[in-house]
$ cat model_12.pdb   # PDB, C-alpha atoms
ATOM      1  CA  MET G   1       0.000   0.000   0.000
ATOM      2  CA  ILE G   2       1.420   3.332  -1.061
ATOM      3  CA  ASN G   3       0.372   6.431   0.834
ATOM      4  CA  VAL G   4       0.846  10.159   0.423
ATOM      5  CA  GLY G   5       3.893  11.170   2.408
ATOM      6  CA  ASP G   6       5.725   7.865   1.957
ATOM      7  CA  VAL G   7       9.450   8.431   1.539
ATOM      8  CA  ILE G   8      11.452   6.604  -1.123
ATOM      9  CA  ALA G   9      14.903   6.014   0.308
ATOM     10  CA  GLU G  10      17.691   8.153  -1.067
ATOM     11  CA  ARG G  11      20.159   6.725  -3.501
ATOM     12  CA  ILE G  12      23.510   8.031  -4.661
ATOM     13  CA  PHE G  13      24.560   8.104  -8.303
ATOM     14  CA  TRP G  14      28.249   8.810  -8.887
ATOM     15  CA  ILE G  15      29.282  11.186 -11.671
ATOM     16  CA  ASP G  16      32.753  11.533 -13.144
ATOM     17  CA  ARG G  17      34.273  12.960 -16.316
ATOM     18  CA  ASP G  18      33.996   9.592 -18.094
ATOM     19  CA  LEU G  19      30.251   9.569 -17.482
ATOM     20  CA  LEU G  20      29.971  13.090 -18.917
ATOM     21  CA  LYS G  21      31.762  11.928 -22.062
ATOM     22  CA  SER G  22      29.460   8.900 -22.344
ATOM     23  CA  TYR G  23      26.382  11.078 -21.891
ATOM     24  CA  ALA G  24      27.642  13.608 -24.436
ATOM     25  CA  ASP G  25      28.013  10.818 -26.992
ATOM     26  CA  ALA G  26      24.669   9.184 -26.144
ATOM     27  CA  SER G  27      22.694  12.445 -26.112
ATOM     28  CA  GLY G  28      24.482  14.355 -28.850
ATOM     29  CA  ASP G  29      25.112  17.277 -26.475
ATOM     30  CA  GLN G  30      28.817  17.969 -27.046
ATOM     31  CA  ASN G  31      28.867  21.412 -25.392
ATOM     32  CA  PRO G  32      32.513  21.793 -24.227
ATOM     33  CA  ILE G  33      31.480  23.122 -20.782
ATOM     34  CA  HIS G  34      30.758  19.457 -19.986
ATOM     35  CA  GLN G  35      34.144  18.105 -21.091
ATOM     36  CA  ASP G  36      36.809  20.793 -21.402
ATOM     37  CA  GLU G  37      38.011  22.322 -18.141
ATOM     38  CA  ALA G  38      39.863  25.235 -19.769
ATOM     39  CA  PHE G  39      36.799  26.120 -21.825
ATOM     40  CA  ALA G  40      34.456  25.860 -18.825
ATOM     41  CA  LYS G  41      36.660  28.211 -16.815
ATOM     42  CA  SER G  42      36.927  30.620 -19.762
ATOM     43  CA  VAL G  43      33.170  31.154 -19.635
ATOM     44  CA  GLY G  44      33.166  31.778 -15.888
ATOM     45  CA  LEU G  45      32.337  28.340 -14.529
ATOM     46  CA  PRO G  46      34.297  26.966 -11.544
ATOM     47  CA  ASP G  47      35.122  23.735 -13.426
ATOM     48  CA  VAL G  48      33.533  21.261 -15.843
ATOM     49  CA  ILE G  49      29.830  20.860 -15.029
ATOM     50  CA  ALA G  50      27.513  17.941 -15.694
ATOM     51  CA  HIS G  51      24.778  18.262 -18.307
ATOM     52  CA  GLY G  52      21.592  19.296 -16.502
ATOM     53  CA  MET G  53      19.845  16.685 -18.618
ATOM     54  CA  LEU G  54      22.230  14.006 -17.308
ATOM     55  CA  THR G  55      21.238  14.803 -13.720
ATOM     56  CA  MET G  56      17.591  14.731 -14.791
ATOM     57  CA  ALA G  57      18.112  11.433 -16.635
ATOM     58  CA  LEU G  58      19.630   9.883 -13.493
ATOM     59  CA  ALA G  59      16.686  11.162 -11.451
ATOM     60  CA  GLY G  60      14.542   9.485 -14.113
ATOM     61  CA  LYS G  61      16.384   6.222 -13.483
ATOM     62  CA  PHE G  62      15.580   6.557  -9.775
ATOM     63  CA  VAL G  63      11.900   7.035 -10.655
ATOM     64  CA  SER G  64      11.877   4.208 -13.229
ATOM     65  CA  ASP G  65      13.429   1.744 -10.813
ATOM     66  CA  TRP G  66      10.835   2.506  -8.167
ATOM     67  CA  ALA G  67       7.895   2.469 -10.556
ATOM     68  CA  GLY G  68       8.744  -0.748 -12.412
ATOM     69  CA  GLY G  69      10.727   0.332 -15.461
ATOM     70  CA  PRO G  70      11.289   3.177 -17.898
ATOM     71  CA  ALA G  71       7.872   2.686 -19.554
ATOM     72  CA  ALA G  72       6.146   3.619 -16.264
ATOM     73  CA  VAL G  73       7.086   7.308 -16.417
ATOM     74  CA  LYS G  74       4.284   9.474 -17.883
ATOM     75  CA  GLU G  75       5.315  12.989 -16.835
ATOM     76  CA  PHE G  76       8.632  14.273 -15.591
ATOM     77  CA  SER G  77       9.819  17.795 -14.915
ATOM     78  CA  ALA G  78      12.747  19.543 -13.267
ATOM     79  CA  ARG G  79      14.365  22.938 -12.921
ATOM     80  CA  PHE G  80      18.146  23.226 -13.179
ATOM     81  CA  VAL G  81      18.952  25.411 -10.177
ATOM     82  CA  LYS G  82      22.690  24.791  -9.663
ATOM     83  CA  PRO G  83      25.274  22.906 -11.698
ATOM     84  CA  VAL G  84      26.850  19.621 -10.626
ATOM     85  CA  ILE G  85      30.566  20.446 -10.604
ATOM     86  CA  VAL G  86      32.790  17.594 -11.771
ATOM     87  CA  PRO G  87      36.546  18.022 -11.104
ATOM     88  CA  ALA G  88      39.114  15.869 -12.911
ATOM     89  CA  ASN G  89      39.934  12.491 -11.376
ATOM     90  CA  ALA G  90      37.025  12.672  -8.959
ATOM     91  CA  LYS G  91      33.611  11.157  -8.493
ATOM     92  CA  VAL G  92      30.903  13.480  -7.226
ATOM     93  CA  ASP G  93      27.598  12.390  -5.779
ATOM     94  CA  LEU G  94      24.149  12.990  -7.142
ATOM     95  CA  THR G  95      21.859  12.131  -4.250
ATOM     96  CA  ILE G  96      18.223  11.564  -5.144
ATOM     97  CA  ALA G  97      15.255  10.961  -2.873
ATOM     98  CA  ALA G  98      11.499  11.258  -3.275
ATOM     99  CA  THR G  99       8.211  11.449  -1.439
ATOM    100  CA  VAL G 100       4.778  10.351  -2.617
ATOM    101  CA  ALA G 101       2.687  13.459  -3.305
ATOM    102  CA  GLU G 102      -0.522  11.945  -4.691
ATOM    103  CA  VAL G 103      -2.018   8.480  -5.133
ATOM    104  CA  ASP G 104      -4.847   7.818  -7.595
ATOM    105  CA  GLY G 105      -5.025   4.075  -8.110
ATOM    106  CA  ALA G 106      -1.847   3.086  -9.935
ATOM    107  CA  ASN G 107      -1.148   6.722 -10.894
ATOM    108  CA  ILE G 108       1.321   8.130  -8.421
ATOM    109  CA  ARG G 109       2.871  11.577  -8.290
ATOM    110  CA  LEU G 110       6.303  11.928  -6.748
ATOM    111  CA  ASN G 111       8.237  14.968  -5.583
ATOM    112  CA  LEU G 112      11.991  14.466  -5.852
ATOM    113  CA  THR G 113      15.034  16.095  -4.331
ATOM    114  CA  ALA G 114      18.492  16.104  -5.898
ATOM    115  CA  THR G 115      21.694  17.354  -4.307
ATOM    116  CA  SER G 116      25.400  17.179  -5.096
ATOM    117  CA  ALA G 117      28.023  17.897  -2.436
ATOM    118  CA  GLY G 118      25.139  18.993  -0.234
ATOM    119  CA  VAL G 119      23.913  21.617  -2.731
ATOM    120  CA  LYS G 120      20.429  21.397  -4.259
ATOM    121  CA  VAL G 121      20.936  20.981  -8.001
ATOM    122  CA  LEU G 122      17.409  20.237  -9.245
ATOM    123  CA  GLY G 123      14.301  22.106  -8.112
ATOM    124  CA  MET G 124      10.587  21.503  -8.679
ATOM    125  CA  THR G 125      11.366  17.919  -9.664
ATOM    126  CA  LYS G 126       8.141  15.983 -10.150
ATOM    127  CA  ALA G 127       7.109  12.766 -11.804
ATOM    128  CA  LEU G 128       3.864  11.010 -12.615
ATOM    129  CA  VAL G 129       4.197   7.245 -12.888
ATOM    130  CA  VAL G 130       1.920   4.285 -13.384
ATOM    131  CA  LYS G 131       3.339   1.885 -10.824
ATOM    132  CA  SER G 132       3.347  -1.810 -11.593
TER     133      SER G 132
ATOM    134  CA  MET M   1      18.537  38.737 -29.663
ATOM    135  CA  LEU M   2      15.670  36.591 -30.809
ATOM    136  CA  ASN M   3      13.724  37.913 -33.767
ATOM    137  CA  PRO M   4      10.314  38.848 -32.252
ATOM    138  CA  ASP M   5       8.621  37.457 -35.375
ATOM    139  CA  SER M   6       9.767  33.993 -34.257
ATOM    140  CA  VAL M   7       7.629  33.955 -31.120
ATOM    141  CA  GLY M   8       4.612  31.744 -31.676
ATOM    142  CA  ARG M   9       6.126  30.177 -34.755
ATOM    143  CA  THR M  10       6.321  26.419 -35.162
ATOM    144  CA  PHE M  11       9.404  24.884 -36.732
ATOM    145  CA  HIS M  12       9.225  21.464 -38.321
ATOM    146  CA  SER M  13      12.251  19.220 -38.546
ATOM    147  CA  ALA M  14      13.700  18.895 -42.025
ATOM    148  CA  LYS M  15      14.097  15.158 -41.561
ATOM    149  CA  SER M  16      12.804  12.548 -39.154
ATOM    150  CA  PHE M  17      14.944  10.924 -36.490
ATOM    151  CA  PRO M  18      15.197   7.133 -36.620
ATOM    152  CA  VAL M  19      15.387   5.639 -33.111
ATOM    153  CA  THR M  20      17.708   2.634 -33.221
ATOM    154  CA  ALA M  21      18.328  -0.122 -30.708
ATOM    155  CA  ALA M  22      21.930   1.093 -30.505
ATOM    156  CA  ASP M  23      20.743   4.613 -29.562
ATOM    157  CA  ILE M  24      18.701   3.159 -26.712
ATOM    158  CA  VAL M  25      21.579   0.905 -25.569
ATOM    159  CA  ASP M  26      23.935   3.907 -25.496
ATOM    160  CA  PHE M  27      21.581   6.198 -23.588
ATOM    161  CA  ALA M  28      20.374   3.518 -21.165
ATOM    162  CA  GLY M  29      23.963   2.381 -20.615
ATOM    163  CA  VAL M  30      24.982   5.781 -19.246
ATOM    164  CA  LEU M  31      22.215   5.525 -16.653
ATOM    165  CA  GLY M  32      22.790   1.892 -15.748
ATOM    166  CA  GLU M  33      19.360   1.052 -17.150
ATOM    167  CA  THR M  34      19.106  -2.621 -18.112
ATOM    168  CA  ASP M  35      15.554  -2.567 -19.521
ATOM    169  CA  LEU M  36      16.283  -1.891 -23.179
ATOM    170  CA  SER M  37      12.764  -2.604 -24.457
ATOM    171  CA  VAL M  38      11.946   1.129 -24.493
ATOM    172  CA  ALA M  39      13.945   4.353 -24.450
ATOM    173  CA  PRO M  40      14.531   6.020 -21.049
ATOM    174  CA  PRO M  41      12.004   8.781 -20.258
ATOM    175  CA  THR M  42      14.352  11.683 -21.077
ATOM    176  CA  PHE M  43      15.728  10.142 -24.285
ATOM    177  CA  SER M  44      13.661  12.410 -26.524
ATOM    178  CA  ILE M  45      15.763  15.423 -25.485
ATOM    179  CA  ARG M  46      18.292  14.105 -27.972
ATOM    180  CA  ILE M  47      15.814  14.717 -30.770
ATOM    181  CA  SER M  48      14.470  18.066 -29.567
ATOM    182  CA  LEU M  49      17.893  19.543 -28.729
ATOM    183  CA  ASP M  50      19.140  18.571 -32.182
ATOM    184  CA  GLN M  51      16.243  20.448 -33.645
ATOM    185  CA  PHE M  52      16.756  23.504 -31.438
ATOM    186  CA  HIS M  53      20.352  23.623 -32.584
ATOM    187  CA  GLU M  54      19.291  23.358 -36.198
ATOM    188  CA  VAL M  55      16.372  25.784 -36.354
ATOM    189  CA  LEU M  56      16.689  28.250 -33.479
ATOM    190  CA  THR M  57      20.225  29.293 -34.339
ATOM    191  CA  ASP M  58      19.164  30.197 -37.883
ATOM    192  CA  PRO M  59      20.053  33.894 -38.257
ATOM    193  CA  GLN M  60      16.391  34.595 -39.108
ATOM    194  CA  VAL M  61      15.457  33.336 -35.624
ATOM    195  CA  GLY M  62      18.556  34.591 -33.877
ATOM    196  CA  LEU M  63      19.151  32.392 -30.830
ATOM    197  CA  ASP M  64      22.732  32.713 -29.547
ATOM    198  CA  TRP M  65      23.652  29.085 -28.834
ATOM    199  CA  SER M  66      27.033  29.964 -27.292
ATOM    200  CA  ARG M  67      25.422  31.664 -24.283
ATOM    201  CA  LEU M  68      22.576  29.195 -23.869
ATOM    202  CA  VAL M  69      21.701  27.662 -20.503
ATOM    203  CA  HIS M  70      18.960  25.112 -19.896
ATOM    204  CA  GLY M  71      16.549  26.508 -17.306
ATOM    205  CA  ASP M  72      13.991  23.777 -16.879
ATOM    206  CA  GLN M  73      12.519  20.807 -18.675
ATOM    207  CA  LYS M  74       9.213  18.963 -18.698
ATOM    208  CA  PHE M  75       8.122  15.809 -20.504
ATOM    209  CA  GLU M  76       4.690  14.358 -21.117
ATOM    210  CA  ILE M  77       5.122  10.848 -22.452
ATOM    211  CA  PHE M  78       2.098   9.272 -24.107
ATOM    212  CA  ARG M  79       4.067   6.173 -24.927
ATOM    213  CA  PRO M  80       7.786   5.430 -24.634
ATOM    214  CA  LEU M  81       9.954   5.679 -27.711
ATOM    215  CA  VAL M  82      11.067   2.309 -29.051
ATOM    216  CA  ALA M  83      13.625   1.097 -31.550
ATOM    217  CA  GLY M  84      12.228   1.413 -35.042
ATOM    218  CA  ASP M  85      10.340   4.645 -34.363
ATOM    219  CA  LEU M  86      10.798   7.320 -36.984
ATOM    220  CA  ILE M  87      10.200  10.539 -35.068
ATOM    221  CA  ALA M  88       9.298  13.905 -36.546
ATOM    222  CA  CYS M  89       9.729  16.834 -34.191
ATOM    223  CA  SER M  90       7.976  20.181 -34.369
ATOM    224  CA  SER M  91       8.935  22.960 -31.993
ATOM    225  CA  THR M  92       6.990  26.081 -31.117
ATOM    226  CA  ILE M  93       8.365  29.110 -29.314
ATOM    227  CA  GLU M  94       5.517  29.473 -26.825
ATOM    228  CA  ASN M  95       6.880  32.249 -24.657
ATOM    229  CA  TYR M  96       9.662  34.829 -24.765
ATOM    230  CA  LYS M  97      10.733  37.525 -22.376
ATOM    231  CA  VAL M  98      13.830  39.501 -21.503
ATOM    232  CA  VAL M  99      14.672  39.812 -17.808
ATOM    233  CA  ALA M 100      17.698  41.875 -16.774
ATOM    234  CA  GLY M 101      19.145  41.376 -20.244
ATOM    235  CA  ASN M 102      18.719  37.598 -20.136
ATOM    236  CA  GLU M 103      16.489  36.198 -22.860
ATOM    237  CA  ILE M 104      14.157  33.496 -21.556
ATOM    238  CA  LEU M 105      12.197  31.383 -24.000
ATOM    239  CA  THR M 106       9.953  28.386 -23.621
ATOM    240  CA  VAL M 107       9.936  25.977 -26.521
ATOM    241  CA  ARG M 108       7.372  23.214 -26.835
ATOM    242  CA  SER M 109       8.358  20.167 -28.859
ATOM    243  CA  ASP M 110       5.851  17.668 -30.177
ATOM    244  CA  LEU M 111       7.281  14.324 -31.218
ATOM    245  CA  ARG M 112       5.242  12.255 -33.611
ATOM    246  CA  ALA M 113       5.575   8.805 -35.120
ATOM    247  CA  GLY M 114       3.467   9.197 -38.223
ATOM    248  CA  ASP M 115       0.201  10.751 -36.994
ATOM    249  CA  GLU M 116       0.690   9.525 -33.422
ATOM    250  CA  LEU M 117       1.764  12.091 -30.842
ATOM    251  CA  VAL M 118       4.131  10.079 -28.637
ATOM    252  CA  ALA M 119       5.562  12.822 -26.419
ATOM    253  CA  SER M 120       5.472  16.553 -25.823
ATOM    254  CA  SER M 121       8.169  18.416 -23.993
ATOM    255  CA  TRP M 122       8.760  21.960 -22.813
ATOM    256  CA  SER M 123      12.258  23.411 -22.537
ATOM    257  CA  THR M 124      13.008  26.743 -20.947
ATOM    258  CA  LEU M 125      16.164  28.124 -22.505
ATOM    259  CA  VAL M 126      18.052  31.109 -21.137
ATOM    260  CA  VAL M 127      20.467  33.161 -23.204
ATOM    261  CA  ARG M 128      22.669  34.869 -20.648
ATOM    262  CA  ALA M 129      23.289  38.577 -20.985
TER     263      ALA M 129
END
$ encode --input "model_12.pdb" --output "structure tokens"
Amino acid sequence: MINVGDVIAERIFWIDRDLLKSYADASGDQNPIHQDEAFAKSVGLPDVIAHGMLTMALAGKFVSDWAGGPAAVKEFSARFVKPVIVPANAKVDLTIAATVAEVDGANIRLNLTATSAGVKVLGMTKALVVKS
Amino acid sequence: MLNPDSVGRTFHSAKSFPVTAADIVDFAGVLGETDLSVAPPTFSIRISLDQFHEVLTDPQVGLDWSRLVHGDQKFEIFRPLVAGDLIACSSTIENYKVVAGNEILTVRSDLRAGDELVASSWSTLVVRA
């Protein structure tokens, strides 16, 4: 039985430069701010940053796993509030958790949180799933 | 700056995007997703971002891609994309405003397989001052 207010336990995804390269190739987003440290710094960023859509995709994996697979996700939204900063030769955390916001039969709305190094990186993150 | 005539316009992709099993394997692999029967829920951004790059940076439209930041993103998925889909994307600039010199636009993308609307997405794009 799933109830409003239920908490889905947090899970950590680890992000490193290799993952950014893999996501760039898989998504077609080859913006150099996600791969080239010198370029990222030249445009005023502290270091290479992860694609916002990679952090959202990983949050989507969290949702899919809970709901029963990638086909279960019907709506999904997020705001990119702060970048995930990815230094060379390091793994940084993306920590995702969720609470149940609405239950209507198998249709369940979730509110998610996403932080990296303790900083909120996604805001207004919501999903509608049909849970199997 | 964006050409004000572009607001409200709908841009259709010149060609359709074939979704292959290899595309799904690559995208799912990054996420550690092992269910490869459908594309992950955010996969369609690959198609819509391609189109943004192609049509919105046209000088007639005037988006400056080099200063672009992704503000927020929403998906409505009527059915997941699957290998073998041939997806046509049409994008509409639904909203545009300038705040403190930053251009903020909301672009809606409708993804269709033939006549079937499979997903709609909304991307808020910010061109930094």
$ resolve_selection --input "model_12.pdb" --expression "the PyMOL selection byres ((chain M and resi 26) around 9)" --output "PyMOL selection string"
(chain G and resi 22-23+25-27) or (chain M and resi 21-25+27-30)
$ closest_atom_pairs --input "model_12.pdb" --of "chain M" --to "chain G" --cutoff "8 Å" --atoms "all atoms listed in the file" --output "tab-separated table"
residue	atom	partner	partner_atom	distance
M:Asp23	CA	G:Ala26	CA	6.9
M:Asp26	CA	G:Ala26	CA	5.4
M:Phe27	CA	G:Ala26	CA	5.0
M:Val30	CA	G:Tyr23	CA	6.1
M:Leu31	CA	G:Leu58	CA	6.0
M:Glu33	CA	G:Lys61	CA	7.0
M:Asp35	CA	G:Gly69	CA	6.9
M:Val38	CA	G:Ala71	CA	6.6
M:Ala39	CA	G:Pro70	CA	7.2
M:Pro40	CA	G:Pro70	CA	5.3
M:Pro41	CA	G:Pro70	CA	6.1
M:Thr42	CA	G:Ala57	CA	5.8
M:Phe43	CA	G:Ser27	CA	7.6
M:Ile45	CA	G:Ser27	CA	7.6
M:Arg46	CA	G:Ser27	CA	5.1
M:Leu49	CA	G:Asp29	CA	7.9
M:Asp50	CA	G:Gly28	CA	7.6
M:His70	CA	G:Phe80	CA	7.0
M:Gly71	CA	G:Phe80	CA	5.5
M:Asp72	CA	G:Arg79	CA	4.1
M:Gln73	CA	G:Ser77	CA	5.5
M:Lys74	CA	G:Ser77	CA	4.0
M:Phe75	CA	G:Phe76	CA	5.2
M:Glu76	CA	G:Glu75	CA	4.5
M:Ile77	CA	G:Lys74	CA	4.8
M:Phe78	CA	G:Lys74	CA	6.6
M:Arg79	CA	G:Ala71	CA	7.5
M:Pro80	CA	G:Ala71	CA	5.8
$ atom_distance --input "model_12.pdb" --atom1 "CA of Ser37 in chain M" --atom2 "CA of Leu117 in chain M"
19.4 Å
$ residues_around --input "model_12.pdb" --residues "Pro4 in chain M" --least-positions-apart "3" --cutoff "12 Å" --atoms "only C-alpha atoms" --output "list in words"
Met1, Val7, Gly8, Arg9, Gln60, Val61, Gly62, Leu63, Ile93, Glu94, Asn95, Tyr96, Lys97, Val98, Glu103 and Leu105 of chain M
$ closest_residue --input "model_12.pdb" --among "G:Ala117, G:Leu112, G:Ala90, G:Ala97" --to "Ile8 in chain G" --atoms "all atoms listed in the file"
G:Ala97
$ closest_residue --input "model_12.pdb" --among "G:Lys120, G:Gln30, G:Ala50, G:Asn3" --to "His53 in chain M" --atoms "only C-alpha atoms"
G:Gln30
$ residues_around --input "model_12.pdb" --residues "Glu37 in chain G" --least-positions-apart "5" --cutoff "12 Å" --atoms "all atoms listed in the file" --output "PDB file with C-alpha atoms, keeping the file's coordinate frame"
ATOM      1  CA  ARG G  17      34.273  12.960 -16.316  1.00  0.00           C
ATOM      2  CA  ASN G  31      28.867  21.412 -25.392  1.00  0.00           C
ATOM      3  CA  PRO G  32      32.513  21.793 -24.227  1.00  0.00           C
ATOM      4  CA  SER G  42      36.927  30.620 -19.762  1.00  0.00           C
ATOM      5  CA  VAL G  43      33.170  31.154 -19.635  1.00  0.00           C
ATOM      6  CA  GLY G  44      33.166  31.778 -15.888  1.00  0.00           C
ATOM      7  CA  LEU G  45      32.337  28.340 -14.529  1.00  0.00           C
ATOM      8  CA  PRO G  46      34.297  26.966 -11.544  1.00  0.00           C
ATOM      9  CA  ASP G  47      35.122  23.735 -13.426  1.00  0.00           C
ATOM     10  CA  VAL G  48      33.533  21.261 -15.843  1.00  0.00           C
ATOM     11  CA  ILE G  49      29.830  20.860 -15.029  1.00  0.00           C
ATOM     12  CA  ALA G  50      27.513  17.941 -15.694  1.00  0.00           C
ATOM     13  CA  ILE G  85      30.566  20.446 -10.604  1.00  0.00           C
ATOM     14  CA  VAL G  86      32.790  17.594 -11.771  1.00  0.00           C
ATOM     15  CA  PRO G  87      36.546  18.022 -11.104  1.00  0.00           C
ATOM     16  CA  ALA G  88      39.114  15.869 -12.911  1.00  0.00           C
TER      17      ALA G  88
END
$ residues_around --input "model_12.pdb" --residues "Ile12 in chain G" --least-positions-apart "5" --cutoff "8 Å" --atoms "only C-alpha atoms" --output "PyMOL selection string"
chain G and resi 93-96
$ atom_distance --input "model_12.pdb" --atom1 "CA of Val107 in chain M" --atom2 "CA of Gly84 in chain M"
26.1 Å
$ atom_distance --input "model_12.pdb" --atom1 "CA of Phe39 in chain G" --atom2 "CA of Val99 in chain M"
26.3 Å
